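Chemist: Handing over target17.pdb, PDB, C-alpha atoms, pLDDT in the B column.
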ATOM      1  CA  MET A   1       0.000   0.000   0.000  1.00 74.00           C
ATOM      2  CA  LEU A   2       1.216   3.505  -0.818  1.00 85.00           C
ATOM      3  CA  PRO A   3       2.916   5.315   2.103  1.00 91.00           C
ATOM      4  CA  VAL A   4       2.023   8.981   2.515  1.00 95.00           C
ATOM      5  CA  ALA A   5       5.741   9.850   2.539  1.00 93.00           C
ATOM      6  CA  TYR A   6       5.992   8.876  -1.152  1.00 93.00           C
ATOM      7  CA  TRP A   7       3.517  11.515  -2.338  1.00 95.00           C
ATOM      8  CA  PRO A   8       5.167  14.553  -4.008  1.00 95.00           C
ATOM      9  CA  SER A   9       5.798  17.489  -1.692  1.00 96.00           C
ATOM     10  CA  ARG A  10       3.989  20.794  -2.062  1.00 97.00           C
ATOM     11  CA  LYS A  11       7.246  22.348  -3.282  1.00 97.00           C
ATOM     12  CA  ALA A  12       7.753  19.681  -5.933  1.00 96.00           C
ATOM     13  CA  ILE A  13       4.186  20.158  -7.146  1.00 97.00           C
ATOM     14  CA  ASP A  14       4.444  23.961  -7.168  1.00 97.00           C
ATOM     15  CA  ASP A  15       7.765  23.762  -9.028  1.00 96.00           C
ATOM     16  CA  ALA A  16       6.165  21.515 -11.658  1.00 95.00           C
ATOM     17  CA  ILE A  17       3.236  23.911 -12.040  1.00 95.00           C
ATOM     18  CA  SER A  18       5.589  26.906 -12.336  1.00 96.00           C
ATOM     19  CA  ALA A  19       7.529  25.073 -15.040  1.00 95.00           C
ATOM     20  CA  GLY A  20       4.333  24.422 -16.978  1.00 93.00           C
ATOM     21  CA  LEU A  21       4.612  20.656 -16.540  1.00 90.00           C
ATOM     22  CA  ALA A  22       1.568  18.415 -16.759  1.00 88.00           C
ATOM     23  CA  GLU A  23       3.057  15.839 -14.391  1.00 89.00           C
ATOM     24  CA  VAL A  24       5.139  15.617 -11.246  1.00 93.00           C
ATOM     25  CA  THR A  25       7.362  12.650 -10.444  1.00 90.00           C
ATOM     26  CA  MET A  26       6.835  10.324  -7.503  1.00 91.00           C
ATOM     27  CA  PRO A  27       9.450   7.717  -6.485  1.00 86.00           C
ATOM     28  CA  LEU A  28       8.114   4.343  -5.381  1.00 80.00           C
ATOM     29  CA  GLY A  29       9.738   1.670  -3.311  1.00 71.00           C
ATOM     30  CA  PRO A  30       9.818  -1.956  -4.445  1.00 62.00           C
ATOM     31  CA  THR A  31       6.664  -2.665  -6.431  1.00 62.00           C
ATOM     32  CA  LYS A  32       5.710  -5.319  -8.971  1.00 59.00           C
ATOM     33  CA  GLY A  33       8.707  -7.567  -9.526  1.00 57.00           C
ATOM     34  CA  SER A  34      10.500  -5.944  -6.543  1.00 63.00           C
ATOM     35  CA  VAL A  35      11.492  -3.038  -8.796  1.00 65.00           C
ATOM     36  CA  LYS A  36      12.068   0.501  -7.532  1.00 73.00           C
ATOM     37  CA  ARG A  37      10.820   3.069  -9.997  1.00 76.00           C
ATOM     38  CA  VAL A  38       9.597   6.598 -10.530  1.00 80.00           C
ATOM     39  CA  ILE A  39       6.112   7.278 -11.834  1.00 80.00           C
ATOM     40  CA  ALA A  40       4.455  10.420 -13.185  1.00 82.00           C
ATOM     41  CA  VAL A  41       1.430  11.861 -11.372  1.00 88.00           C
ATOM     42  CA  ASP A  42      -0.945  14.330 -13.016  1.00 88.00           C
ATOM     43  CA  VAL A  43       0.048  17.628 -11.432  1.00 93.00           C
ATOM     44  CA  GLU A  44      -3.535  18.792 -10.760  1.00 93.00           C
ATOM     45  CA  HIS A  45      -4.432  15.489  -9.129  1.00 93.00           C
ATOM     46  CA  GLY A  46      -1.170  15.594  -7.197  1.00 95.00           C
ATOM     47  CA  SER A  47      -2.011  19.055  -5.911  1.00 97.00           C
ATOM     48  CA  ARG A  48      -5.509  18.047  -4.751  1.00 96.00           C
ATOM     49  CA  VAL A  49      -4.199  15.019  -2.879  1.00 96.00           C
ATOM     50  CA  ARG A  50      -1.377  17.101  -1.390  1.00 97.00           C
ATOM     51  CA  THR A  51      -3.917  19.622  -0.069  1.00 97.00           C
ATOM     52  CA  TRP A  52      -5.822  16.768   1.589  1.00 97.00           C
ATOM     53  CA  ILE A  53      -2.586  15.379   3.049  1.00 97.00           C
ATOM     54  CA  ASP A  54      -1.595  18.736   4.512  1.00 97.00           C
ATOM     55  CA  ASN A  55      -5.031  19.822   5.777  1.00 97.00           C
ATOM     56  CA  ASP A  56      -7.377  16.905   6.484  1.00 96.00           C
ATOM     57  CA  ARG A  57      -5.185  13.852   6.892  1.00 97.00           C
ATOM     58  CA  PRO A  58      -3.290  14.978  10.055  1.00 97.00           C
ATOM     59  CA  SER A  59      -6.448  15.167  12.172  1.00 96.00           C
ATOM     60  CA  LEU A  60      -7.561  11.746  10.937  1.00 97.00           C
ATOM     61  CA  ALA A  61      -4.173  10.262  11.829  1.00 97.00           C
ATOM     62  CA  LEU A  62      -4.224  11.842  15.313  1.00 97.00           C
ATOM     63  CA  THR A  63      -7.771  10.620  15.957  1.00 96.00           C
ATOM     64  CA  TYR A  64      -6.723   7.098  15.026  1.00 97.00           C
ATOM     65  CA  LYS A  65      -3.717   7.260  17.343  1.00 96.00           C
ATOM     66  CA  ALA A  66      -5.823   8.531  20.249  1.00 96.00           C
ATOM     67  CA  ARG A  67      -8.567   5.953  19.709  1.00 95.00           C
ATOM     68  CA  THR A  68      -6.344   2.897  19.246  1.00 95.00           C
ATOM     69  CA  GLY A  69      -3.147   3.751  21.122  1.00 96.00           C
ATOM     70  CA  LEU A  70      -1.226   2.729  18.005  1.00 95.00           C
ATOM     71  CA  PRO A  71       1.309   4.888  16.150  1.00 95.00           C
ATOM     72  CA  GLU A  72      -0.006   7.274  13.532  1.00 95.00           C
ATOM     73  CA  PRO A  73      -0.672   5.362  10.296  1.00 95.00           C
ATOM     74  CA  THR A  74       1.822   5.711   7.471  1.00 94.00           C
ATOM     75  CA  ARG A  75      -0.478   4.669   4.615  1.00 93.00           C
ATOM     76  CA  LEU A  76      -1.698   7.451   2.396  1.00 93.00           C
ATOM     77  CA  PHE A  77      -5.379   6.545   2.359  1.00 91.00           C
ATOM     78  CA  LEU A  78      -7.253   6.856   5.662  1.00 95.00           C
ATOM     79  CA  SER A  79     -10.934   6.463   6.441  1.00 93.00           C
ATOM     80  CA  ASP A  80     -13.083   9.422   7.450  1.00 93.00           C
ATOM     81  CA  ALA A  81     -16.113   7.285   8.359  1.00 91.00           C
ATOM     82  CA  PRO A  82     -17.580   8.092  11.816  1.00 93.00           C
ATOM     83  CA  GLY A  83     -16.057   5.801  14.401  1.00 93.00           C
ATOM     84  CA  HIS A  84     -13.310   4.717  12.030  1.00 93.00           C
ATOM     85  CA  GLU A  85     -11.497   8.016  11.500  1.00 95.00           C
ATOM     86  CA  GLY A  86      -7.896   7.503  10.493  1.00 96.00           C
ATOM     87  CA  THR A  87      -8.159   3.759   9.955  1.00 95.00           C
ATOM     88  CA  PRO A  88      -5.834   2.830   7.062  1.00 95.00           C
ATOM     89  CA  LEU A  89      -7.830   1.639   4.074  1.00 90.00           C
ATOM     90  CA  SER A  90      -7.109  -1.904   2.977  1.00 87.00           C
ATOM     91  CA  GLN A  91      -6.683  -3.001  -0.607  1.00 80.00           C
ATOM     92  CA  SER A  92     -10.146  -4.590  -0.599  1.00 79.00           C
ATOM     93  CA  GLN A  93     -11.701  -1.356   0.696  1.00 80.00           C
ATOM     94  CA  LEU A  94     -10.046   0.643  -2.073  1.00 76.00           C
ATOM     95  CA  TYR A  95     -11.405  -1.802  -4.631  1.00 75.00           C
ATOM     96  CA  LYS A  96     -14.898  -1.255  -3.192  1.00 75.00           C
ATOM     97  CA  CYS A  97     -14.462   2.515  -3.576  1.00 71.00           C
ATOM     98  CA  PHE A  98     -13.967   2.045  -7.315  1.00 68.00           C
ATOM     99  CA  LYS A  99     -17.406   0.398  -7.517  1.00 67.00           C
ATOM    100  CA  LEU A 100     -19.349   3.123  -5.702  1.00 62.00           C
ATOM    101  CA  ASP A 101     -19.696   5.606  -8.564  1.00 59.00           C
ATOM    102  CA  ILE A 102     -18.695   3.621 -11.634  1.00 59.00           C
ATOM    103  CA  LYS A 103     -21.427   1.719 -13.439  1.00 65.00           C
ATOM    104  CA  PHE A 104     -19.163  -0.685 -15.336  1.00 64.00           C
ATOM    105  CA  ILE A 105     -16.473  -3.180 -14.352  1.00 67.00           C
ATOM    106  CA  TRP A 106     -13.434  -1.275 -13.146  1.00 67.00           C
ATOM    107  CA  TYR A 107     -10.728  -1.854 -10.588  1.00 66.00           C
ATOM    108  CA  PRO A 108      -7.367  -0.207  -9.779  1.00 68.00           C
ATOM    109  CA  HIS A 109      -5.181  -2.537 -11.841  1.00 69.00           C
ATOM    110  CA  LEU A 110      -7.155  -1.640 -14.946  1.00 72.00           C
ATOM    111  CA  GLY A 111      -5.750   1.856 -14.437  1.00 71.00           C
ATOM    112  CA  ARG A 112      -2.341   0.469 -15.451  1.00 70.00           C
ATOM    113  CA  HIS A 113      -3.785  -0.898 -18.677  1.00 73.00           C
ATOM    114  CA  TYR A 114      -5.677   2.332 -19.317  1.00 74.00           C
ATOM    115  CA  PHE A 115      -2.498   4.366 -18.795  1.00 73.00           C
ATOM    116  CA  ALA A 116      -0.453   2.061 -21.025  1.00 75.00           C
ATOM    117  CA  CYS A 117      -2.963   2.042 -23.883  1.00 76.00           C
ATOM    118  CA  THR A 118      -3.649   5.771 -23.701  1.00 76.00           C
ATOM    119  CA  SER A 119       0.044   6.676 -23.599  1.00 77.00           C
ATOM    120  CA  LEU A 120       0.852   4.392 -26.512  1.00 80.00           C
ATOM    121  CA  LEU A 121      -2.065   5.696 -28.588  1.00 82.00           C
ATOM    122  CA  LYS A 122      -1.233   9.328 -27.927  1.00 83.00           C
ATOM    123  CA  GLY A 123       2.478   8.800 -28.577  1.00 85.00           C
ATOM    124  CA  ILE A 124       1.800   7.260 -31.978  1.00 86.00           C
ATOM    125  CA  GLN A 125      -0.756   9.947 -32.748  1.00 87.00           C
ATOM    126  CA  HIS A 126       1.777  12.641 -31.837  1.00 89.00           C
ATOM    127  CA  ASP A 127       4.393  11.162 -34.178  1.00 92.00           C
ATOM    128  CA  ALA A 128       1.917  10.846 -37.037  1.00 89.00           C
ATOM    129  CA  GLN A 129       0.735  14.433 -36.627  1.00 92.00           C
ATOM    130  CA  ILE A 130       4.324  15.681 -36.920  1.00 93.00           C
ATOM    131  CA  LEU A 131       4.325  14.118 -40.391  1.00 93.00           C
ATOM    132  CA  GLY A 132       0.955  15.681 -41.208  1.00 94.00           C
ATOM    133  CA  HIS A 133      -0.999  12.416 -41.053  1.00 90.00           C
ATOM    134  CA  ALA A 134      -3.368  10.504 -38.835  1.00 84.00           C
ATOM    135  CA  PRO A 135      -2.247   7.102 -37.497  1.00 81.00           C
ATOM    136  CA  ARG A 136      -4.762   5.375 -39.780  1.00 78.00           C
ATOM    137  CA  ASP A 137      -2.766   6.702 -42.754  1.00 84.00           C
ATOM    138  CA  MET A 138       0.461   5.049 -41.618  1.00 84.00           C
ATOM    139  CA  SER A 139       1.689   1.555 -42.440  1.00 82.00           C
ATOM    140  CA  PRO A 140       1.684  -1.273 -39.874  1.00 78.00           C
ATOM    141  CA  ASN A 141       5.520  -1.252 -39.931  1.00 81.00           C
ATOM    142  CA  TRP A 142       5.559   2.457 -39.085  1.00 86.00           C
ATOM    143  CA  ILE A 143       3.078   1.868 -36.251  1.00 83.00           C
ATOM    144  CA  ARG A 144       5.280  -0.920 -34.890  1.00 80.00           C
ATOM    145  CA  ASN A 145       8.512   1.103 -35.106  1.00 83.00           C
ATOM    146  CA  ARG A 146       7.089   4.171 -33.381  1.00 86.00           C
ATOM    147  CA  GLY A 147       5.171   2.005 -30.956  1.00 81.00           C
ATOM    148  CA  GLU A 148       8.356   0.254 -29.867  1.00 80.00           C
ATOM    149  CA  TYR A 149       9.902   3.650 -29.076  1.00 83.00           C
ATOM    150  CA  TRP A 150       7.006   4.568 -26.785  1.00 82.00           C
ATOM    151  CA  LEU A 151       6.951   1.073 -25.315  1.00 78.00           C
ATOM    152  CA  ASP A 152      10.547   1.431 -24.131  1.00 77.00           C
ATOM    153  CA  MET A 153       9.499   4.406 -22.026  1.00 73.00           C
ATOM    154  CA  GLN A 154       6.413   2.590 -20.777  1.00 71.00           C
ATOM    155  CA  ARG A 155       8.434  -0.386 -19.574  1.00 69.00           C
ATOM    156  CA  ARG A 156      10.351   1.881 -17.202  1.00 63.00           C
ATOM    157  CA  GLN A 157       7.158   3.577 -16.062  1.00 63.00           C
ATOM    158  CA  LEU A 158       5.193   0.362 -15.537  1.00 65.00           C
ATOM    159  CA  GLY A 159       8.086  -1.625 -14.086  1.00 61.00           C
ATOM    160  CA  HIS A 160       7.645  -4.566 -16.453  1.00 56.00           C
ATOM    161  CA  LEU A 161      10.524  -7.018 -16.190  1.00 51.00           C
ATOM    162  CA  SER A 162       9.553  -8.870 -19.359  1.00 56.00           C
ATOM    163  CA  GLU A 163       9.294  -7.158 -22.727  1.00 58.00           C
ATOM    164  CA  ALA A 164       6.559  -9.639 -23.623  1.00 61.00           C
ATOM    165  CA  THR A 165       4.222  -8.047 -21.064  1.00 59.00           C
ATOM    166  CA  THR A 166       4.321  -4.575 -22.595  1.00 60.00           C
ATOM    167  CA  GLU A 167       4.457  -6.045 -26.111  1.00 67.00           C
ATOM    168  CA  LEU A 168       0.820  -7.086 -25.662  1.00 69.00           C
ATOM    169  CA  TYR A 169      -0.214  -3.435 -25.858  1.00 68.00           C
ATOM    170  CA  LEU A 170       1.621  -2.922 -29.145  1.00 69.00           C
ATOM    171  CA  ARG A 171       0.150  -6.121 -30.574  1.00 70.00           C
ATOM    172  CA  TRP A 172      -3.320  -4.815 -29.719  1.00 68.00           C
ATOM    173  CA  ILE A 173      -2.636  -1.507 -31.494  1.00 68.00           C
ATOM    174  CA  ILE A 174      -1.287  -3.137 -34.655  1.00 66.00           C
ATOM    175  CA  THR A 175      -4.089  -5.708 -34.815  1.00 65.00           C
ATOM    176  CA  HIS A 176      -6.772  -3.056 -34.735  1.00 61.00           C
ATOM    177  CA  HIS A 177      -4.832  -0.834 -37.121  1.00 60.00           C
ATOM    178  CA  VAL A 178      -4.634  -3.586 -39.728  1.00 52.00           C
ATOM    179  CA  LEU A 179      -8.005  -5.273 -39.279  1.00 43.00           C
ATOM    180  CA  VAL A 180     -10.517  -2.587 -38.355  1.00 42.00           C
ATOM    181  CA  ASN A 181      -8.626   0.700 -38.456  1.00 49.00           C
ATOM    182  CA  THR A 182     -10.218   1.969 -35.216  1.00 50.00           C
ATOM    183  CA  PHE A 183      -7.335   3.958 -33.779  1.00 51.00           C
ATOM    184  CA  ASP A 184      -9.292   7.199 -33.437  1.00 54.00           C
ATOM    185  CA  GLU A 185     -12.400   5.473 -32.121  1.00 58.00           C
ATOM    186  CA  TRP A 186     -10.404   3.664 -29.410  1.00 57.00           C
ATOM    187  CA  ASN A 187      -8.499   6.830 -28.536  1.00 56.00           C
ATOM    188  CA  PHE A 188     -11.731   8.754 -28.035  1.00 59.00           C
ATOM    189  CA  PHE A 189     -13.238   5.813 -26.147  1.00 61.00           C
ATOM    190  CA  LEU A 190     -10.308   5.755 -23.698  1.00 60.00           C
ATOM    191  CA  ASP A 191     -10.759   9.492 -23.204  1.00 59.00           C
ATOM    192  CA  GLY A 192     -14.450   8.965 -22.480  1.00 57.00           C
ATOM    193  CA  GLU A 193     -15.808  10.662 -25.596  1.00 52.00           C
ATOM    194  CA  SER A 194     -17.383   9.356 -28.773  1.00 46.00           C
ATOM    195  CA  LEU A 195     -15.988  10.017 -32.238  1.00 42.00           C
ATOM    196  CA  GLU A 196     -19.149  11.975 -33.055  1.00 46.00           C
ATOM    197  CA  THR A 197     -18.620  14.240 -30.050  1.00 48.00           C
ATOM    198  CA  GLN A 198     -15.013  14.924 -31.076  1.00 45.00           C
ATOM    199  CA  GLN A 199     -16.053  15.745 -34.650  1.00 47.00           C
ATOM    200  CA  ALA A 200     -18.770  18.082 -33.397  1.00 48.00           C
ATOM    201  CA  HIS A 201     -16.058  20.133 -31.636  1.00 46.00           C
TER     202      HIS A 201
END
Translate the structure described by the file into structure tokens.

Modeler:
Amino acid sequence: MLPVAYWPSRKAIDDAISAGLAEVTMPLGPTKGSVKRVIAVDVEHGSRVRTWIDNDRPSLALTYKARTGLPEPTRLFLSDAPGHEGTPLSQSQLYKCFKLDIKFIWYPHLGRHYFACTSLLKGIQHDAQILGHAPRDMSPNWIRNRGEYWLDMQRRQLGHLSEATTELYLRWIITHHVLVNTFDEWNFFLDGESLETQQAH
């Protein structure tokens, strides 16, 4: 579970905002495959969580310590439910939180897949736009070559030890590019908008 000490500091977040960056880095201890890595956190999300850490979380942690006689919790996520203030949230409780407001199947690990697919799609789209084309105009070999470039960066971000794991994302992109040519539709779907909505803009 994520310790609160790992979350980017207010200074790091403010420095990223001042520099016009969309993300702020956050180092993680050993994660999947016992790998230490650094991930990128959306700077606006990072700022909101940091505000909660600095303003609301301390009182929850102190209440927990006073109620239980245990040390203040080190996990980032703490309960604010009456009678359970400051109780560290378990993995199963976090999974339940994902089901409260979302009407379709979703759980935290899918966020990794969402991030990987979205980053790969947008990277390829960026490269195609530089050449004045849409990804659907490019050959499968071009998609693979540019996709492998973006995959190398994703492997470090996702902490994959095996290239075969991240290769699945590229295989998915190429398959759809060749068979059904739905790059734009999938890109808009991952962003939560329909192709018709995008075209209307």

Chemist: Give me the residues within 12 Å of A:Trp7 as a VMD selection string, counting all atoms listed in the file and dropping any in the same chain fewer than 4 places off.

Modeler: chain A and resid 2 to 3 11 to 13 24 to 29 38 to 43 45 to 54 74 to 77

Chemist: I need the residues from that last selection saved to file as a PDB file, keeping the file's coordinate frame (with C-alpha atoms), if you can.

Modeler:
ATOM      1  CA  LEU A   2       1.216   3.505  -0.818  1.00 85.00           C
ATOM      2  CA  PRO A   3       2.916   5.315   2.103  1.00 91.00           C
ATOM      3  CA  LYS A  11       7.246  22.348  -3.282  1.00 97.00           C
ATOM      4  CA  ALA A  12       7.753  19.681  -5.933  1.00 96.00           C
ATOM      5  CA  ILE A  13       4.186  20.158  -7.146  1.00 97.00           C
ATOM      6  CA  VAL A  24       5.139  15.617 -11.246  1.00 93.00           C
ATOM      7  CA  THR A  25       7.362  12.650 -10.444  1.00 90.00           C
ATOM      8  CA  MET A  26       6.835  10.324  -7.503  1.00 91.00           C
ATOM      9  CA  PRO A  27       9.450   7.717  -6.485  1.00 86.00           C
ATOM     10  CA  LEU A  28       8.114   4.343  -5.381  1.00 80.00           C
ATOM     11  CA  GLY A  29       9.738   1.670  -3.311  1.00 71.00           C
ATOM     12  CA  VAL A  38       9.597   6.598 -10.530  1.00 80.00           C
ATOM     13  CA  ILE A  39       6.112   7.278 -11.834  1.00 80.00           C
ATOM     14  CA  ALA A  40       4.455  10.420 -13.185  1.00 82.00           C
ATOM     15  CA  VAL A  41       1.430  11.861 -11.372  1.00 88.00           C
ATOM     16  CA  ASP A  42      -0.945  14.330 -13.016  1.00 88.00           C
ATOM     17  CA  VAL A  43       0.048  17.628 -11.432  1.00 93.00           C
ATOM     18  CA  HIS A  45      -4.432  15.489  -9.129  1.00 93.00           C
ATOM     19  CA  GLY A  46      -1.170  15.594  -7.197  1.00 95.00           C
ATOM     20  CA  SER A  47      -2.011  19.055  -5.911  1.00 97.00           C
ATOM     21  CA  ARG A  48      -5.509  18.047  -4.751  1.00 96.00           C
ATOM     22  CA  VAL A  49      -4.199  15.019  -2.879  1.00 96.00           C
ATOM     23  CA  ARG A  50      -1.377  17.101  -1.390  1.00 97.00           C
ATOM     24  CA  THR A  51      -3.917  19.622  -0.069  1.00 97.00           C
ATOM     25  CA  TRP A  52      -5.822  16.768   1.589  1.00 97.00           C
ATOM     26  CA  ILE A  53      -2.586  15.379   3.049  1.00 97.00           C
ATOM     27  CA  ASP A  54      -1.595  18.736   4.512  1.00 97.00           C
ATOM     28  CA  THR A  74       1.822   5.711   7.471  1.00 94.00           C
ATOM     29  CA  ARG A  75      -0.478   4.669   4.615  1.00 93.00           C
ATOM     30  CA  LEU A  76      -1.698   7.451   2.396  1.00 93.00           C
ATOM     31  CA  PHE A  77      -5.379   6.545   2.359  1.00 91.00           C
TER      32      PHE A  77
END

Chemist: Which residue, A:Gly20, A:Thr87, A:Glu44, A:Asp80, has the smallest gap to A:Lys65 when you use all atoms listed in the file?

Modeler: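 Distance minimum relative to A:Lys65 lands on A:Thr87.
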
Chemist: Nearest to A:Pro8 among A:Glu23, A:Glu85, A:Leu78, A:Leu94, with distances taken over all atoms listed in the file: which residue is it?

Modeler: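 Between A:Glu23, A:Glu85, A:Leu78, A:Leu94, the residue approaching A:Pro8 most closely is A:Glu23.
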
Chemist: Determine, counting all atoms listed in the file, which protein, DNA and RNA residues have an atom within 12 Å of an atom of A:Ala66; residues of the same chain fewer than 6 positions away are not included. Present the result as a list of chain:residue names.

Modeler: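 Once the nearby chain positions are removed, what remains is A:Ser59, A:Leu60, A:Glu72, A:Pro73, A:His84, A:Glu85, A:Gly86, A:Thr87.
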
Chemist: Quick check, in Å to one decimal: how far apart do atom CA of A:Ser119 and atom CA of A:Trp150 lie?

Modeler: 7.9 Å

Chemist: Can you measure atom CA of A:Asp14 to atom CA of A:Arg112 for me? One decimal in Å is fine.

Modeler: 25.8 Å

Chemist: Kindly give the distance, in Å, that separates atom CA of A:Gly69 and atom CA of A:Ser9, rounded to a single decimal.

Modeler: 28.1 Å

Chemist: Box for stretch 64-76 of chain A: with edges along x, y and z, all listed atoms inside and 4 Å added on each side, what are the centre and edge lengths in Å to one decimal, as JSON?

Modeler:
{"center_x": -3.4, "center_y": 5.6, "center_z": 11.8, "size_x": 18.4, "size_y": 13.8, "size_z": 26.7}

Chemist: So, with all atoms listed in the file as the atoms that count, which of A:Cys97, A:Leu121, A:Ala134, A:Ile17 lies closest to A:Gly147?

Modeler: A:Leu121
